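Take a look at the structure below.
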Amino acid sequence: MPYRVLQAEADVSGSGIYARHPVTELTGLFTPIGHNMPAAALTLPGGSRVEVVSVHPNPPLGRKELEWKASLRALPGPSPSVVRVLAGDFNAGLDHRPFRELLARGYVDAADQLGQGLTPTWPNFRPMPPIIAIDHVVADRRVAVRDFEVLDVPGTDHRGVFAELQLP
């Protein structure tokens with residue numbers, strides 16, 4: 001993918017957006033809490049735009065639980081003027097209230113739309129199989145989800161998520 005917006009780090013704090021169409025980094029869209037969470041405007045053939053956020057809050061463990069909740073609340077809501085897609089490791093599943101509250105703001109979970117919302121994505125490549133679905137593609141509810149798939153990705157402890165979205 002030739003276009004990218006990266007916020008690289010030497011550890012799990014780094015993140016990036018890779019695209020086959022031109023992207024421009026968005027600053028000031030929201031205040032990330034947790035790991036790096038870059039945002040980008042993606043320009044599609046024909047000139048339409050989609051805003052994409054790479055999501056990765058810290059996990060809700062111990063004292064970080066309040067930070068995790070604040071991180072999910074800080075994510076940008078849907079906009080009437082542009083389609084938004086949030087994707088990544090939310091460290092949350094459909095059974096977590098803060099994640100459901102994010103969806104209630106005007107988003108849909110791509111996996112859930114196709115009856116796969118409980119397909120586990122973490123941990124992967126460990127002695128035990130994946131047990132929880134914490135990796136998501138979340139889109140403006142005006143977006144139609146055409147396909148969704150969970151894939152093994154060598155070299156990571158998460159399974160990859162793929163969603164085919166049809167924009168309004």
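Labels used: A, B, ... for chains in the order of the structure tokens, numbers from 1 for residues in each chain, and numbers from 1 for ligands as shown.
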Could you pull the residues within 12 Å of Val145 of chain A, counting only C-alpha atoms, minus those fewer than 3 positions along the same chain, as a short mmCIF file (atom, residue, chain, number, x, y, z; two decimals) with C-alpha atoms, in the first residue's frame?
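Writing done, so here's part.cif:
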data_model
loop_
_atom_site.label_atom_id
_atom_site.label_comp_id
_atom_site.auth_asym_id
_atom_site.auth_seq_id
_atom_site.Cartn_x
_atom_site.Cartn_y
_atom_site.Cartn_z
CA VAL A 85 -14.32 4.46 9.97
CA TYR A 107 -21.61 3.51 14.40
CA VAL A 108 -21.97 -0.16 13.50
CA ASP A 109 -19.53 -2.98 14.14
CA ALA A 110 -18.78 -4.63 10.77
CA ALA A 111 -18.48 -8.14 12.23
CA ASP A 112 -21.72 -7.81 14.18
CA GLN A 113 -23.58 -6.62 11.07
CA LEU A 114 -22.80 -9.96 9.40
CA GLY A 115 -23.43 -12.14 12.46
CA GLN A 116 -19.74 -12.56 13.32
CA VAL A 137 -13.88 -2.26 12.07
CA VAL A 138 -16.46 0.29 13.18
CA ALA A 139 -18.18 2.40 10.55
CA ASP A 140 -20.70 5.20 10.28
CA ARG A 141 -24.14 3.53 10.23
CA ARG A 142 -24.72 4.94 6.71
CA PHE A 148 -16.17 -9.46 6.96
CA GLU A 149 -13.39 -11.93 7.66
CA PHE A 162 -10.99 -7.43 7.09
CA ALA A 163 -14.20 -5.61 6.20
CA GLU A 164 -15.52 -4.69 2.78
CA LEU A 165 -17.55 -1.52 3.15
CA GLN A 166 -19.85 0.20 0.67
CA LEU A 167 -19.93 3.93 1.22
CA PRO A 168 -23.13 5.94 0.87
#
One number please: atom CA of Gly93 of chain A to atom CA of Ala133 of chain A, in Å, one decimal.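 Spanning atom CA of Gly93 of chain A to atom CA of Ala133 of chain A is a straight-line distance of 5.5 Å.
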Thr31 of chain A environment, 10 Å, only C-alpha atoms, sequence neighbours closer than 2 positions dropped, as a list in words: Thr27, Gly28, Leu29, Ile33, Gly34, Met37, Ser71, Ala74, Leu75 and Pro76 of chain A
Write out, as an mmCIF file, in the first residue's frame, the residues just selected, with N, CA, C and O atoms.
data_model
loop_
_atom_site.group_PDB
_atom_site.id
_atom_site.type_symbol
_atom_site.label_atom_id
_atom_site.label_comp_id
_atom_site.auth_asym_id
_atom_site.auth_seq_id
_atom_site.Cartn_x
_atom_site.Cartn_y
_atom_site.Cartn_z
ATOM 1 N N THR A 27 -5.034 16.092 12.061
ATOM 2 C CA THR A 27 -4.663 16.419 13.431
ATOM 3 C C THR A 27 -5.816 17.180 14.064
ATOM 4 O O THR A 27 -6.580 17.857 13.382
ATOM 5 N N GLY A 28 -5.966 17.021 15.368
ATOM 6 C CA GLY A 28 -7.000 17.743 16.082
ATOM 7 C C GLY A 28 -8.394 17.141 15.978
ATOM 8 O O GLY A 28 -9.351 17.723 16.479
ATOM 9 N N LEU A 29 -8.549 15.978 15.343
ATOM 10 C CA LEU A 29 -9.858 15.341 15.227
ATOM 11 C C LEU A 29 -10.363 14.883 16.594
ATOM 12 O O LEU A 29 -11.542 14.958 16.894
ATOM 13 N N ILE A 33 -6.009 8.833 23.813
ATOM 14 C CA ILE A 33 -5.638 8.435 25.170
ATOM 15 C C ILE A 33 -5.188 6.989 25.074
ATOM 16 O O ILE A 33 -5.947 6.127 24.643
ATOM 17 N N GLY A 34 -3.961 6.714 25.459
ATOM 18 C CA GLY A 34 -3.420 5.359 25.348
ATOM 19 C C GLY A 34 -2.282 5.347 24.352
ATOM 20 O O GLY A 34 -1.397 6.194 24.390
ATOM 21 N N MET A 37 -2.735 6.862 18.027
ATOM 22 C CA MET A 37 -3.937 6.577 17.250
ATOM 23 C C MET A 37 -4.049 7.599 16.128
ATOM 24 O O MET A 37 -4.798 8.564 16.223
ATOM 25 N N SER A 71 -10.736 6.815 26.854
ATOM 26 C CA SER A 71 -10.217 6.708 25.489
ATOM 27 C C SER A 71 -11.333 6.401 24.498
ATOM 28 O O SER A 71 -11.406 7.004 23.420
ATOM 29 N N ALA A 74 -13.414 9.432 23.983
ATOM 30 C CA ALA A 74 -12.705 10.492 23.255
ATOM 31 C C ALA A 74 -12.697 10.277 21.742
ATOM 32 O O ALA A 74 -12.434 11.218 20.995
ATOM 33 N N LEU A 75 -12.971 9.056 21.292
ATOM 34 C CA LEU A 75 -12.968 8.810 19.843
ATOM 35 C C LEU A 75 -14.014 9.693 19.165
ATOM 36 O O LEU A 75 -15.082 9.941 19.725
ATOM 37 N N PRO A 76 -13.721 10.157 17.955
ATOM 38 C CA PRO A 76 -14.667 11.056 17.287
ATOM 39 C C PRO A 76 -15.962 10.333 16.937
ATOM 40 O O PRO A 76 -15.943 9.161 16.553
#
DSSP on the backbone: what in chain A comes out helix (DSSP H, G or I), as number ranges by chain? A: 62-74, 97-104, 110-113
I want to know what sits within 9 Å of Arg105 of chain A, based on only C-alpha atoms, with residues of the same chain fewer than 5 positions away left out; could you give that as a PyMOL selection string? chain A and resi 77-78+100
Given only C-alpha atoms, how would the per-residue table for segment 61-122 of chain A near segment 6-18 of chain A read, listing every residue at most 12 Å away with its closest atom pair and distance in Å to one decimal, sorted by chain and number, as a tab-separated table?
residue	atom	partner	partner_atom	distance
A:Val85	CA	A:Ile17	CA	11.7
A:Leu86	CA	A:Ile17	CA	10.9
A:Ala87	CA	A:Ile17	CA	9.6
A:Gly88	CA	A:Ser15	CA	9.4
A:Asp89	CA	A:Ser15	CA	10.4
List as a VMD selection string the protein and nucleic acid residues near segment 58-65 of chain A, meaning an atom at most 7 Å away when only C-alpha atoms are counted, but skip any in the same chain fewer than 4 places from it. chain A and resid 34 to 35 69 91
Keeping C-alpha atoms, export the residues of the selection given above as an mmCIF file, in the first residue's frame.
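Result went into out22.cif, see below:
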data_model
loop_
_atom_site.group_PDB
_atom_site.id
_atom_site.type_symbol
_atom_site.label_atom_id
_atom_site.label_comp_id
_atom_site.auth_asym_id
_atom_site.auth_seq_id
_atom_site.Cartn_x
_atom_site.Cartn_y
_atom_site.Cartn_z
ATOM 1 C CA GLY A 34 -3.420 5.359 25.348
ATOM 2 C CA HIS A 35 -1.290 4.299 22.416
ATOM 3 C CA LYS A 69 -13.229 4.208 29.221
ATOM 4 C CA ASN A 91 -9.382 -3.785 23.755
#
Out of segment 65-116 of chain A, which residues get strand (DSSP E) from DSSP, as a short mmCIF file (atom, residue, chain, number, x, y, z; two decimals) with C-alpha atoms, in the first residue's frame?
data_model
loop_
_atom_site.label_atom_id
_atom_site.label_comp_id
_atom_site.auth_asym_id
_atom_site.auth_seq_id
_atom_site.Cartn_x
_atom_site.Cartn_y
_atom_site.Cartn_z
CA VAL A 83 -18.03 9.17 6.56
CA ARG A 84 -15.82 7.90 9.40
CA VAL A 85 -14.32 4.46 9.97
CA LEU A 86 -12.58 3.49 13.21
CA ALA A 87 -10.48 0.33 13.07
CA GLY A 88 -8.04 -1.52 15.25
CA ASP A 89 -7.56 -3.07 18.67
CA TYR A 107 -21.61 3.51 14.40
CA VAL A 108 -21.97 -0.16 13.50
CA ASP A 109 -19.53 -2.98 14.14
#
Find the distance between atom CA of Pro32 of chain A and atom CA of Asn124 of chain A and write it in Å to one decimal.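 We find that atom CA of Pro32 of chain A and atom CA of Asn124 of chain A lie 26.1 Å from each other.
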Between atom CA of Val82 of chain A and atom CA of Val53 of chain A, what is the distance, to one decimal in Å?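 Interatomic distance, atom CA of Val82 of chain A to atom CA of Val53 of chain A: 13.1 Å.
Distances from A:Thr24, A:Thr156, A:Thr119, A:Asn36 to Val52 of chain A were compared using only C-alpha atoms, and the smallest one belongs to A:Thr24.
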